[in-house]
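J.: I am attaching a structure below and will ask some questions about it afterwards.
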Number of protein chains: 2
Amino acid sequence: MKAALRAYVDGFANGDAESVIALFAEDAVVEDPVGTPERHGLEEIGKFYRDAVESGAKLVLDGPPRGSHGNGAAMAFTIELPALNLTIKAVDVFTFNDAGEIVTMRAYWGPDDMTS
Amino acid sequence: MKAALRAYVDGFANGDAESVIALFAEDAVVEDPVGTPERHGLEEIGKFYRDAVESGAKLVLDGPPRGSHGNGAAMAFTIELPALNLTIKAVDVFTFNDAGEIVTMRAYWGPDDMTS
């Protein structure tokens with residue numbers, strides 16, 4: 001799971017949205033940020049990550065990704081959006097299926113976690 | 001929500017388990033770490049936090065707590081357990097009710113997030 005989280009960060013670093021999208025299961029759900037409508041399935045999730053990577057977003061980890069005793073993992077990072085002169089501090093929480101694919105990603109950040 | 005998360009950290013810092021327990025709703029659920037049995041209600045949760053605070057555990061934040069656009073918040077920190085010469089890197093995820101009380105806390109950390 002931690003390898004997947006590191007690949008997720010690396011995908012942004014390398015401007016490679018497809019490597020990020022490839023981490024997700026076909027029927028995955030993304031809620032980013034928590035409290036907004038979910039994106040369901042690889043078509044909606046693919047568009048979300050292609051747009052995000054294309055925007056130039058980079059993820060700078062606060063510390064190492066964390067695992068669990070189950071199928072969950074989480075990491076805290078700062079999203080840097082230089083094109084918008086914006087940073088967002090987020091915690092992303094992931095669950096995985098038995099194939100090691102991400103089935104849910106929920107991003108915890110709110111209006112006051114953004115600075116410009 | 002962020003004030004509650006800071007009070008949670010401060011409660012450990014001050015050795016004041018009751019101030020931590022007071023943040024929780026009567027019917028709250030704690031899963032720490034994720035993948036282990038849940039603790040339900042203030043009696044089980046109270047015992048858990050009294051034991052944790054009594055052990056001398058302190059929480060050192062990786063970065064500021066994060067909110068959301070809903071009722072969730074999260075923070076990443078290192079748990080220092082000097083009595084056991086142990087540290088645990090965790091991400092805790094919280095949900096809140098309308099009264100501002102914690103209703104769920106799920107802690108993401110696994111065996112390889114511990115160092116001694």
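Here's how to read the names in the structure tokens: chain A, B, ... by the order shown, residue numbers from 1 in each chain, ligand numbers from 1 in the order shown.
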What are the residues of chain B lining chain A at 8 Å or less? Count only C-alpha atoms, and put the answer as a PyMOL selection string.
T.: chain B and resi 33-36+62-63+66-76+89-91+107-113
J.: Write down as a PyMOL selection string the residues belonging to chain B that are assigned strand (DSSP E or B) by DSSP computed on the backbone.
T.: chain B and resi 24-31+34+36+39-40+58-61+66+72-81+86-96+102-108+114-115
J.: B:Asp98, B:Asp51, B:Glu43, B:Asp16: which is nearest Val29 of chain B, counting only C-alpha atoms?
T.: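 Counting only C-alpha atoms, the residue closest to Val29 of chain B is B:Glu43.
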J.: Find the residues near Phe24 of chain B: any atom within 9 Å, counting only C-alpha atoms, skip ones fewer than 2 places away on the same chain, and give them as a list in words.
T.: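 Everything that qualifies: Val20, Ile21, Ala22, Glu26, Asp27, Ala28, Val29, Gly41, Leu42, Ile45, Phe96, Gly100, Glu101, Ile102, Val103 and Thr104 of chain B.
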J.: Could the residues in this selection be written to a file with C-alpha atoms, as a CSV table (one decimal), in the first residue's frame?
T.:
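The resulting file, again.csv, is shown below:
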```
chain,number,residue,atom,x,y,z
B,20,VAL,CA,-9.3,14.1,25.5
B,21,ILE,CA,-12.3,11.8,26.5
B,22,ALA,CA,-14.5,14.9,26.8
B,26,GLU,CA,-21.4,9.2,24.1
B,27,ASP,CA,-21.8,6.7,21.3
B,28,ALA,CA,-18.4,7.4,19.6
B,29,VAL,CA,-16.4,4.6,17.9
B,41,GLY,CA,-18.9,4.2,23.7
B,42,LEU,CA,-17.3,6.3,26.3
B,45,ILE,CA,-13.0,4.8,24.8
B,96,PHE,CA,-17.8,15.0,14.1
B,100,GLY,CA,-18.9,19.4,17.5
B,101,GLU,CA,-18.3,16.1,19.3
B,102,ILE,CA,-16.0,13.4,17.8
B,103,VAL,CA,-18.2,10.4,16.7
B,104,THR,CA,-15.5,8.3,15.0
```
J.: Expressed in Å to a single decimal, how great is the separation between atom CA of His40 of chain A and atom CA of Leu5 of chain A?
T.: 19.6 Å
J.: Using only C-alpha atoms for the distances, tell me which of B:Met105, B:Val53, B:Ala4, B:Leu86 is nearest to Glu38 of chain B.
T.: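 For Glu38 of chain B, the nearest of the candidates is B:Met105.
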